[in-house]
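Listing of data14.txt; format and content: compact mmCIF, C-alpha atoms and all ligand atoms.
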# COMPACT_ATOMS: atom_id res chain seq x y z
CA MET T 253 169.50 228.58 -138.54
CA ILE T 254 169.78 227.65 -142.21
CA LEU T 255 172.30 224.80 -142.08
CA GLN T 256 175.13 223.25 -140.06
CA THR T 257 178.51 221.92 -141.11
CA PRO T 258 180.99 220.12 -138.85
CA ARG T 259 182.37 223.41 -137.46
CA LEU T 260 179.94 226.11 -138.59
CA GLU T 261 176.34 227.25 -138.51
CA LEU T 262 174.88 229.42 -141.25
CA ARG T 263 172.13 231.81 -140.13
CA LYS T 264 170.44 234.87 -141.58
CA LEU T 265 172.25 238.20 -141.21
CA THR T 266 170.52 240.84 -139.07
CA ALA T 267 170.97 244.58 -138.57
CA ASP T 268 173.17 243.74 -135.54
CA ASP T 269 175.77 242.18 -137.86
CA TYR T 270 176.80 245.52 -139.40
CA HIS T 271 180.15 245.71 -137.57
CA ASP T 272 181.12 242.12 -138.41
CA LEU T 273 180.26 242.78 -142.05
CA ALA T 274 182.30 245.99 -141.99
CA GLU T 275 185.31 243.99 -140.74
CA ILE T 276 185.08 241.99 -143.98
CA LEU T 277 183.90 244.59 -146.48
CA GLN T 278 186.19 247.39 -145.28
CA ASP T 279 189.36 245.28 -145.33
CA PRO T 280 191.26 246.32 -148.49
CA GLU T 281 193.04 242.94 -148.78
CA THR T 282 189.82 240.96 -148.49
CA MET T 283 188.14 243.24 -151.00
CA TYR T 284 190.84 243.29 -153.68
CA ALA T 285 188.65 241.31 -156.08
CA TYR T 286 185.99 244.01 -155.64
CA GLU T 287 188.50 246.82 -156.41
CA GLY T 288 188.90 247.96 -152.81
CA ALA T 289 187.25 248.48 -149.45
CA PHE T 290 183.62 249.58 -149.10
CA SER T 291 182.42 252.83 -147.54
CA ASP T 292 180.07 252.73 -144.51
CA GLN T 293 177.12 253.35 -146.87
CA GLU T 294 178.21 250.51 -149.19
CA VAL T 295 178.35 248.13 -146.18
CA GLN T 296 174.83 249.17 -145.16
CA ASP T 297 173.59 248.76 -148.77
CA TRP T 298 175.18 245.27 -148.91
CA LEU T 299 173.44 244.26 -145.65
CA ASP T 300 170.10 245.70 -146.83
CA ARG T 301 170.48 243.77 -150.11
CA GLN T 302 170.84 240.46 -148.22
CA LEU T 303 167.74 241.20 -146.07
CA GLU T 304 165.82 242.01 -149.26
CA ARG T 305 167.03 238.76 -150.85
CA TYR T 306 165.82 236.68 -147.85
CA HIS T 307 162.40 238.28 -148.22
CA ARG T 308 162.20 238.09 -152.03
CA ASP T 309 164.18 234.92 -152.90
CA GLY T 310 164.23 232.93 -149.64
CA ILE T 311 168.03 232.81 -149.94
CA GLY T 312 170.97 235.23 -149.72
CA LEU T 313 174.42 235.49 -148.20
CA TRP T 314 174.22 234.17 -144.64
CA ALA T 315 176.39 234.72 -141.56
CA ALA T 316 178.82 231.82 -141.06
CA VAL T 317 179.40 231.53 -137.29
CA LEU T 318 181.43 229.05 -135.27
CA ARG T 319 179.05 226.38 -133.94
CA ASN T 320 177.45 227.08 -130.57
CA THR T 321 178.85 230.63 -130.56
CA ASN T 322 177.85 233.80 -132.36
CA ILE T 323 181.42 234.40 -133.57
CA MET T 324 181.17 235.29 -137.24
CA VAL T 325 183.98 233.99 -139.45
CA GLY T 326 182.41 235.35 -142.62
CA GLN T 327 179.44 235.34 -144.94
CA VAL T 328 178.58 232.42 -147.16
CA GLY T 329 175.38 231.68 -149.00
CA LEU T 330 173.27 231.35 -152.10
CA THR T 331 172.08 234.15 -154.38
CA TYR T 332 170.52 234.36 -157.84
CA GLN T 333 173.04 235.84 -160.28
CA PRO T 334 172.66 236.72 -163.97
CA VAL T 335 174.95 234.76 -166.30
CA PRO T 336 175.14 236.43 -169.74
CA PHE T 337 175.84 234.40 -172.91
CA SER T 338 177.35 235.53 -176.21
CA ASP T 339 174.07 235.08 -178.14
CA GLY T 340 172.58 237.87 -175.99
CA HIS T 341 170.44 235.81 -173.60
CA THR T 342 170.95 235.80 -169.84
CA GLU T 343 170.12 233.02 -167.37
CA ASN T 344 169.67 233.39 -163.60
CA TRP T 345 171.82 230.78 -161.85
CA VAL T 346 172.03 230.01 -158.15
CA GLU T 347 175.50 231.04 -156.99
CA ILE T 348 177.48 230.00 -153.92
CA GLY T 349 179.33 233.07 -152.61
CA TYR T 350 181.83 233.37 -149.75
CA LEU T 351 183.79 236.14 -148.06
CA LEU T 352 185.66 235.45 -144.84
CA LYS T 353 187.29 237.72 -142.26
CA ARG T 354 191.01 237.59 -143.04
CA LYS T 355 191.93 236.07 -139.66
CA TYR T 356 189.83 233.00 -140.56
CA TRP T 357 191.45 232.30 -143.95
CA HIS T 358 193.43 229.07 -144.57
CA GLN T 359 191.45 226.95 -142.08
CA GLY T 360 189.05 225.31 -144.52
CA TYR T 361 185.99 227.29 -143.39
CA ALA T 362 185.05 228.64 -146.85
CA THR T 363 185.22 225.18 -148.45
CA GLU T 364 183.27 223.60 -145.59
CA ALA T 365 180.52 226.25 -145.77
CA ALA T 366 180.43 226.10 -149.58
CA LEU T 367 179.89 222.32 -149.40
CA GLY T 368 177.07 222.92 -146.92
CA CYS T 369 175.52 225.33 -149.43
CA GLN T 370 175.82 222.73 -152.20
CA LYS T 371 173.92 220.26 -150.03
CA TYR T 372 171.24 222.88 -149.31
CA ALA T 373 170.95 223.86 -152.99
CA PHE T 374 170.60 220.29 -154.27
CA GLU T 375 168.72 218.61 -151.42
CA ILE T 376 166.46 221.42 -150.12
CA LEU T 377 166.03 223.75 -153.11
CA HIS T 378 166.30 220.90 -155.69
CA CYS T 379 168.51 222.96 -158.01
CA ASP T 380 169.76 221.32 -161.23
CA CYS T 381 173.12 223.06 -160.87
CA VAL T 382 174.91 225.68 -158.77
CA CYS T 383 177.75 227.96 -159.77
CA SER T 384 180.41 230.30 -158.40
CA ILE T 385 181.24 233.31 -160.57
CA ILE T 386 184.84 234.26 -159.84
CA ARG T 387 187.21 236.96 -161.08
CA ASP T 388 190.02 235.39 -163.12
CA THR T 389 192.64 236.85 -160.76
CA ASN T 390 191.00 235.47 -157.58
CA ILE T 391 192.92 232.22 -157.17
CA SER T 392 191.94 231.43 -153.53
CA SER T 393 188.28 231.69 -154.44
CA GLN T 394 188.82 229.45 -157.48
CA ARG T 395 190.49 226.88 -155.23
CA VAL T 396 187.41 226.80 -152.99
CA ALA T 397 185.25 226.08 -156.06
CA GLN T 398 187.66 223.39 -157.27
CA ARG T 399 187.73 221.71 -153.85
CA GLY T 400 183.93 221.59 -154.06
CA GLY T 401 184.15 219.64 -157.33
CA MET T 402 183.21 222.58 -159.58
CA THR T 403 184.67 223.09 -163.05
CA VAL T 404 184.79 226.10 -165.39
CA VAL T 405 181.93 226.00 -167.90
CA HIS T 406 181.72 229.61 -169.08
CA ARG T 407 183.53 232.97 -169.10
CA PHE T 408 182.23 236.54 -169.35
CA VAL T 409 183.33 240.07 -168.55
CA LYS T 410 181.82 242.13 -165.72
CA HIS T 411 182.07 245.93 -165.53
CA TYR T 412 182.25 246.87 -161.84
CA ARG T 413 183.39 250.13 -160.24
CA GLY T 414 184.59 251.29 -163.65
CA VAL T 415 186.88 248.28 -164.13
CA ILE T 416 186.69 245.55 -166.78
CA MET T 417 186.85 242.21 -164.94
CA PRO T 418 187.01 238.86 -166.77
CA HIS T 419 185.10 236.24 -164.73
CA LEU T 420 185.03 232.44 -164.78
CA VAL T 421 181.80 230.55 -164.14
CA TYR T 422 182.50 227.44 -162.07
CA ARG T 423 179.58 225.00 -161.89
CA ILE T 424 178.58 221.63 -160.45
CA THR T 425 175.47 219.81 -161.65
CA LYS T 426 173.17 217.69 -159.51
CA GLU T 427 174.49 214.54 -161.26
CA GLU T 428 178.10 215.51 -160.52
CA TYR T 429 177.18 216.30 -156.90
CA GLN T 430 175.47 212.92 -156.49
CA ALA T 431 178.43 211.08 -158.07
CA GLN T 432 180.83 212.92 -155.75
CA ASN T 433 178.82 211.97 -152.68
CA CYS T 434 178.41 208.32 -153.75
CA SER T 435 182.17 208.03 -154.22
CA GLY T 436 182.68 209.41 -150.70
CA GLN T 437 184.91 212.23 -152.00
CA ASN T 438 182.73 215.00 -150.63
CA PRO T 439 182.69 215.63 -146.87
CA VAL T 440 179.25 217.19 -147.29
CA LYS T 441 177.93 213.63 -146.95
CA SER T 442 178.77 213.60 -143.28
CA LEU T 443 177.08 216.93 -142.46
C1 LIG I 1 187.85 233.29 -151.02
C2 LIG I 1 188.18 232.99 -149.57
C3 LIG I 1 186.90 232.84 -148.76
C4 LIG I 1 188.98 231.68 -149.53
O1 LIG I 1 189.48 231.48 -148.22
P1 LIG I 1 190.52 230.29 -147.93
O2 LIG I 1 190.96 230.43 -146.55
O3 LIG I 1 191.55 230.28 -149.01
O4 LIG I 1 189.63 228.98 -148.16
P2 LIG I 1 189.22 227.91 -147.05
O5 LIG I 1 188.58 228.59 -145.91
O6 LIG I 1 188.43 226.89 -147.76
O7 LIG I 1 190.62 227.33 -146.56
C5 LIG I 1 191.38 226.50 -147.40
C6 LIG I 1 192.78 226.39 -146.85
O8 LIG I 1 192.73 225.97 -145.49
C7 LIG I 1 193.59 224.81 -145.31
N1 LIG I 1 193.04 224.07 -144.15
C8 LIG I 1 193.53 224.19 -142.87
N2 LIG I 1 192.78 223.48 -142.03
C9 LIG I 1 191.82 222.88 -142.75
C10 LIG I 1 190.75 222.01 -142.43
N3 LIG I 1 190.52 221.61 -141.17
N4 LIG I 1 189.93 221.58 -143.43
C11 LIG I 1 190.15 221.97 -144.70
N5 LIG I 1 191.14 222.82 -145.07
C12 LIG I 1 191.98 223.27 -144.10
C13 LIG I 1 193.55 224.16 -146.67
O9 LIG I 1 194.65 223.32 -146.86
C14 LIG I 1 193.63 225.35 -147.58
O10 LIG I 1 194.95 225.80 -147.61
P3 LIG I 1 195.52 226.92 -148.63
O11 LIG I 1 194.98 228.23 -148.17
O12 LIG I 1 196.97 226.82 -148.47
O13 LIG I 1 195.04 226.51 -149.99
C15 LIG I 1 189.02 234.14 -148.94
O14 LIG I 1 190.22 234.25 -149.65
C16 LIG I 1 188.29 235.48 -148.99
O15 LIG I 1 187.45 235.77 -148.13
N6 LIG I 1 188.62 236.29 -150.01
C17 LIG I 1 188.03 237.62 -150.15
C18 LIG I 1 186.59 237.57 -150.63
C19 LIG I 1 186.47 236.91 -151.98
O16 LIG I 1 187.25 237.15 -152.87
N7 LIG I 1 185.43 236.06 -152.11
C20 LIG I 1 185.17 235.33 -153.31
C21 LIG I 1 184.50 236.18 -154.32
S1 LIG I 1 184.21 235.24 -155.82

Any chance you could give the structure as structure tokens?
Ligand SMILES: CC(C)(COP(=O)(O)OP(=O)(O)OC[C@H]1O[C@@H](n2cnc3c(N)ncnc32)[C@H](O)[C@@H]1OP(=O)(O)O)[C@@H](O)C(=O)NCCC(=O)NCCS
Amino acid sequence: MILQTPRLELRKLTADDYHDLAEILQDPETMYAYEGAFSDQEVQDWLDRQLERYHRDGIGLWAAVLRNTNIMVGQVGLTYQPVPFSDGHTENWVEIGYLLKRKYWHQGYATEAALGCQKYAFEILHCDCVCSIIRDTNISSQRVAQRGGMTVVHRFVKHYRGVIMPHLVYRITKEEYQAQNCSGQNPVKSL
């Protein structure tokens, strides 16, 4: 297990999680920000990419399961993502990412798991900041970032599946995270 929150455990994905991942990645509504549902091969490639990330980076998207069960509500975790700047340089930032099965939306699970990932990033990995890179049209995802105390610090355009997608970079620094926890505003304190 990687971390626990009040209702969830985050653990590494395994080959056995293919069908749970497909429930997320092949749902057209869930995948609207990615321009549509994935094929079987794209699901397998996604899973393989996470396993490679665990090996190479020590982090990746993890399975978010209900505590003391193996019922997967979604995938939430930390990955290194390139953030390009207008002067031509690119920085690799640690990103919190989250995708939930649709039946588990609107219950606070994404925010709870994202806060757990903030705690892990700042207290275990000792990151200076973490971000969430979110398509400008993806309002529910932006609300998760905002509830986690993140603010927009940068914008850039991604080209994905032949589509031009403006993205916002939400970020929280270690100082902001510490201030949030000291003021008792962040439930991550009680994890
Ligand atoms: C992004 C995504 C994970 C957000 O899911 P979500 O359900 O909106 O977010 P949460 O799980 O944090 O739930 C928050 C909601 O639960 C409500 N809630 C209910 N019970 C709650 C509880 N016990 N604690 C906290 N919030 C609770 C909140 O009020 C909030 O309500 P709202 O949906 O009306 O704003 C989901 O929309 C998704 O999987 N989208 C597709 C994938 C995607 O786009 N990922 C992001 C790529 S950048």

Please tabulate, as JSON lines, the residues of chain T that come within 6 Å of ligand LIG 1 (chain I), each with its closest pair of atoms and the distance in Å to one decimal, counting all atoms listed in the file and ordering rows by chain, then residue number upward.
{"residue": "T:Thr282", "atom": "CA", "partner": "I:LIG1", "partner_atom": "C17", "distance": 4.1}
{"residue": "T:Met283", "atom": "CA", "partner": "I:LIG1", "partner_atom": "C17", "distance": 5.7}
{"residue": "T:Ala285", "atom": "CA", "partner": "I:LIG1", "partner_atom": "O16", "distance": 5.4}
{"residue": "T:Tyr350", "atom": "CA", "partner": "I:LIG1", "partner_atom": "N7", "distance": 5.1}
{"residue": "T:Leu351", "atom": "CA", "partner": "I:LIG1", "partner_atom": "O15", "distance": 3.7}
{"residue": "T:Leu352", "atom": "CA", "partner": "I:LIG1", "partner_atom": "O15", "distance": 3.8}
{"residue": "T:Trp357", "atom": "CA", "partner": "I:LIG1", "partner_atom": "O2", "distance": 3.2}
{"residue": "T:His358", "atom": "CA", "partner": "I:LIG1", "partner_atom": "O8", "distance": 3.3}
{"residue": "T:Gln359", "atom": "CA", "partner": "I:LIG1", "partner_atom": "C8", "distance": 3.5}
{"residue": "T:Gly360", "atom": "CA", "partner": "I:LIG1", "partner_atom": "O7", "distance": 3.3}
{"residue": "T:Tyr361", "atom": "CA", "partner": "I:LIG1", "partner_atom": "O5", "distance": 3.8}
{"residue": "T:Ala362", "atom": "CA", "partner": "I:LIG1", "partner_atom": "O5", "distance": 3.7}
{"residue": "T:Thr363", "atom": "CA", "partner": "I:LIG1", "partner_atom": "O6", "distance": 3.7}
{"residue": "T:Ile385", "atom": "CA", "partner": "I:LIG1", "partner_atom": "S1", "distance": 5.9}
{"residue": "T:Ile386", "atom": "CA", "partner": "I:LIG1", "partner_atom": "S1", "distance": 4.2}
{"residue": "T:Ser392", "atom": "CA", "partner": "I:LIG1", "partner_atom": "O3", "distance": 4.7}
{"residue": "T:Ser393", "atom": "CA", "partner": "I:LIG1", "partner_atom": "C1", "distance": 3.8}
{"residue": "T:Val396", "atom": "CA", "partner": "I:LIG1", "partner_atom": "O6", "distance": 5.3}

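Ranking T:Lys355, T:Asp388, T:Pro258, T:Tyr332 by their shortest atom-to-atom distance to Arg308 of chain T, with all atoms listed in the file included, puts T:Tyr332 first.
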
Handout entry: Point-to-point distance in Å for atom CA of Ala397 of chain T and atom CA of Arg301 of chain T
Key = 23.8 Å

Completion exercise
Between atom CA of Gly326 of chain T and atom CA of Tyr284 of chain T lies a distance of 16.0 Å

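Note that atom CA of Trp345 of chain T and atom CA of Ala431 of chain T are 21.1 Å apart.
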
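In terms of minimum interatomic distance to Met402 of chain T, T:Gln432 ranks closest within T:Thr257, T:Leu277, T:Gln432, T:Ile376, counting all atoms listed in the file.
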
Produce a table with one row for each residue of segment 295-369 of chain T that has an atom at most 9 Å from any atom of segment 403-414 of chain T, each row naming the nearest atom pair and its distance in Å at one decimal; use only C-alpha atoms; arrange rows by chain and rising residue number; format as CSV.
residue,atom,partner,partner_atom,distance
T:Val335,CA,T:Phe408,CA,8.1
T:Pro336,CA,T:Phe408,CA,7.1
T:Phe337,CA,T:Phe408,CA,7.6
T:Ser338,CA,T:Phe408,CA,8.5

Completion exercise
Using only C-alpha atoms, the shortest atom-to-atom distance to Ile276 of chain T among T:Leu303, T:Val421, T:Ala315, T:Leu255 belongs to T:Ala315

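Checking T:Leu318, T:Cys379, T:Met253, T:Ile391 one by one against Thr425 of chain T, counting all atoms listed in the file, you find the shortest gap at T:Cys379.
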
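Distance check against Asp269 of chain T using all atoms listed in the file: of T:Gln370, T:Gln394, T:Gln430, T:Gln302, the minimum falls on T:Gln302.
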
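Nearest to Leu313 of chain T of all the residues T:Val328, T:Val346, T:Ile416, T:Ala365 is T:Val328, counting all atoms listed in the file.
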
Exercise for the section: List every protein, DNA or RNA residue that has at least one atom no more than 8 Å from (176.3, 223.8, -144.0) in the file's coordinates, counting all atoms listed in the file, and write the result as an MDAnalysis selection string. Expected result: chainID T and resid 254:258 260:262 364:369 371:372 440 443

Set up a box along x, y and z of the file covering all listed atoms of segment 351-367 of chain T, add 5 Å on every one of the six sides, and write the centre and edge lengths in Å to one decimal, as JSON.
{"center_x": 186.7, "center_y": 230.0, "center_z": -144.6, "size_x": 23.5, "size_y": 25.4, "size_z": 19.9}

Exercise for the section: Fewer than 3 positions away in the same chain doesn't count, so skip those; otherwise give me all residues within 6 Å of Val382 of chain T, counting only C-alpha atoms, as a list in words. Expected result: Val346, Glu347, Arg423 and Ile424 of chain T

Write the residues you've just listed into a file as a PDB file, keeping the file's coordinate frame, and include C-alpha atoms for each of them.
ATOM      1  CA  VAL T 346     172.030 230.010-158.150  1.00  0.00           C
ATOM      2  CA  GLU T 347     175.500 231.040-156.990  1.00  0.00           C
ATOM      3  CA  ARG T 423     179.580 225.000-161.890  1.00  0.00           C
ATOM      4  CA  ILE T 424     178.580 221.630-160.450  1.00  0.00           C
TER       5      ILE T 424
END

All heavy atoms modelled onto segment 310-321 of chain T, as a PDB file, in the frame of the given file:
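Ended up saving to part.pdb:
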ATOM      1  N   GLY T 310     164.125 234.008-150.625  1.00  0.00           N
ATOM      2  CA  GLY T 310     164.230 232.930-149.640  1.00  0.00           C
ATOM      3  C   GLY T 310     165.662 232.486-149.405  1.00  0.00           C
ATOM      4  O   GLY T 310     165.916 231.572-148.613  1.00  0.00           O
ATOM      5  N   ILE T 311     166.597 233.111-150.107  1.00  0.00           N
ATOM      6  CA  ILE T 311     168.030 232.810-149.940  1.00  0.00           C
ATOM      7  C   ILE T 311     168.813 234.118-149.986  1.00  0.00           C
ATOM      8  O   ILE T 311     168.247 235.164-150.293  1.00  0.00           O
ATOM      9  CB  ILE T 311     168.567 231.845-151.040  1.00  0.00           C
ATOM     10  CG1 ILE T 311     168.234 232.376-152.445  1.00  0.00           C
ATOM     11  CG2 ILE T 311     168.034 230.434-150.833  1.00  0.00           C
ATOM     12  CD1 ILE T 311     168.803 231.527-153.587  1.00  0.00           C
ATOM     13  N   GLY T 312     170.111 234.041-149.697  1.00  0.00           N
ATOM     14  CA  GLY T 312     170.970 235.230-149.720  1.00  0.00           C
ATOM     15  C   GLY T 312     172.299 234.830-149.094  1.00  0.00           C
ATOM     16  O   GLY T 312     172.505 233.661-148.749  1.00  0.00           O
ATOM     17  N   LEU T 313     173.189 235.786-148.950  1.00  0.00           N
ATOM     18  CA  LEU T 313     174.420 235.490-148.200  1.00  0.00           C
ATOM     19  C   LEU T 313     174.060 235.412-146.726  1.00  0.00           C
ATOM     20  O   LEU T 313     173.338 236.279-146.215  1.00  0.00           O
ATOM     21  CB  LEU T 313     175.470 236.573-148.439  1.00  0.00           C
ATOM     22  CG  LEU T 313     176.166 236.548-149.796  1.00  0.00           C
ATOM     23  CD1 LEU T 313     177.139 237.718-149.899  1.00  0.00           C
ATOM     24  CD2 LEU T 313     176.902 235.232-150.021  1.00  0.00           C
ATOM     25  N   TRP T 314     174.529 234.371-146.048  1.00  0.00           N
ATOM     26  CA  TRP T 314     174.220 234.170-144.640  1.00  0.00           C
ATOM     27  C   TRP T 314     175.474 234.403-143.785  1.00  0.00           C
ATOM     28  O   TRP T 314     176.600 234.348-144.303  1.00  0.00           O
ATOM     29  CB  TRP T 314     173.707 232.735-144.418  1.00  0.00           C
ATOM     30  CG  TRP T 314     172.432 232.424-145.159  1.00  0.00           C
ATOM     31  CD1 TRP T 314     171.264 233.130-145.089  1.00  0.00           C
ATOM     32  CD2 TRP T 314     172.193 231.351-146.088  1.00  0.00           C
ATOM     33  NE1 TRP T 314     170.309 232.551-145.909  1.00  0.00           N
ATOM     34  CE2 TRP T 314     170.848 231.462-146.529  1.00  0.00           C
ATOM     35  CE3 TRP T 314     172.962 230.290-146.577  1.00  0.00           C
ATOM     36  CZ2 TRP T 314     170.273 230.579-147.437  1.00  0.00           C
ATOM     37  CZ3 TRP T 314     172.391 229.409-147.502  1.00  0.00           C
ATOM     38  CH2 TRP T 314     171.061 229.557-147.911  1.00  0.00           C
ATOM     39  N   ALA T 315     175.258 234.624-142.484  1.00  0.00           N
ATOM     40  CA  ALA T 315     176.390 234.720-141.560  1.00  0.00           C
ATOM     41  C   ALA T 315     176.894 233.311-141.288  1.00  0.00           C
ATOM     42  O   ALA T 315     176.102 232.417-140.961  1.00  0.00           O
ATOM     43  CB  ALA T 315     175.936 235.365-140.259  1.00  0.00           C
ATOM     44  N   ALA T 316     178.209 233.102-141.437  1.00  0.00           N
ATOM     45  CA  ALA T 316     178.820 231.820-141.060  1.00  0.00           C
ATOM     46  C   ALA T 316     179.449 232.026-139.693  1.00  0.00           C
ATOM     47  O   ALA T 316     180.401 232.810-139.549  1.00  0.00           O
ATOM     48  CB  ALA T 316     179.880 231.416-142.092  1.00  0.00           C
ATOM     49  N   VAL T 317     178.891 231.364-138.664  1.00  0.00           N
ATOM     50  CA  VAL T 317     179.400 231.530-137.290  1.00  0.00           C
ATOM     51  C   VAL T 317     179.933 230.195-136.785  1.00  0.00           C
ATOM     52  O   VAL T 317     179.478 229.129-137.208  1.00  0.00           O
ATOM     53  CB  VAL T 317     178.293 232.070-136.338  1.00  0.00           C
ATOM     54  CG1 VAL T 317     177.757 233.421-136.818  1.00  0.00           C
ATOM     55  CG2 VAL T 317     177.154 231.082-136.168  1.00  0.00           C
ATOM     56  N   LEU T 318     180.904 230.273-135.879  1.00  0.00           N
ATOM     57  CA  LEU T 318     181.430 229.050-135.270  1.00  0.00           C
ATOM     58  C   LEU T 318     180.296 228.391-134.480  1.00  0.00           C
ATOM     59  O   LEU T 318     179.525 229.090-133.805  1.00  0.00           O
ATOM     60  CB  LEU T 318     182.603 229.377-134.348  1.00  0.00           C
ATOM     61  CG  LEU T 318     183.836 229.954-135.054  1.00  0.00           C
ATOM     62  CD1 LEU T 318     184.891 230.380-134.035  1.00  0.00           C
ATOM     63  CD2 LEU T 318     184.423 228.949-136.043  1.00  0.00           C
ATOM     64  N   ARG T 319     180.178 227.079-134.575  1.00  0.00           N
ATOM     65  CA  ARG T 319     179.050 226.380-133.940  1.00  0.00           C
ATOM     66  C   ARG T 319     178.969 226.656-132.452  1.00  0.00           C
ATOM     67  O   ARG T 319     179.992 226.718-131.773  1.00  0.00           O
ATOM     68  CB  ARG T 319     179.190 224.865-134.166  1.00  0.00           C
ATOM     69  CG  ARG T 319     178.402 224.411-135.374  1.00  0.00           C
ATOM     70  CD  ARG T 319     178.632 222.983-135.676  1.00  0.00           C
ATOM     71  NE  ARG T 319     177.715 222.116-134.946  1.00  0.00           N
ATOM     72  CZ  ARG T 319     177.356 220.910-135.382  1.00  0.00           C
ATOM     73  NH1 ARG T 319     177.826 220.451-136.518  1.00  0.00           N
ATOM     74  NH2 ARG T 319     176.551 220.175-134.667  1.00  0.00           N
ATOM     75  N   ASN T 320     177.744 226.826-131.985  1.00  0.00           N
ATOM     76  CA  ASN T 320     177.450 227.080-130.570  1.00  0.00           C
ATOM     77  C   ASN T 320     178.056 228.384-130.044  1.00  0.00           C
ATOM     78  O   ASN T 320     178.244 228.548-128.845  1.00  0.00           O
ATOM     79  CB  ASN T 320     177.915 225.909-129.688  1.00  0.00           C
ATOM     80  CG  ASN T 320     177.272 224.616-130.127  1.00  0.00           C
ATOM     81  OD1 ASN T 320     176.079 224.608-130.435  1.00  0.00           O
ATOM     82  ND2 ASN T 320     178.041 223.544-130.201  1.00  0.00           N
ATOM     83  N   THR T 321     178.409 229.284-130.964  1.00  0.00           N
ATOM     84  CA  THR T 321     178.850 230.630-130.560  1.00  0.00           C
ATOM     85  C   THR T 321     178.162 231.577-131.541  1.00  0.00           C
ATOM     86  O   THR T 321     177.530 231.140-132.484  1.00  0.00           O
ATOM     87  CB  THR T 321     180.370 230.836-130.718  1.00  0.00           C
ATOM     88  OG1 THR T 321     180.663 231.048-132.100  1.00  0.00           O
ATOM     89  CG2 THR T 321     181.172 229.685-130.171  1.00  0.00           C
TER      90      THR T 321
END
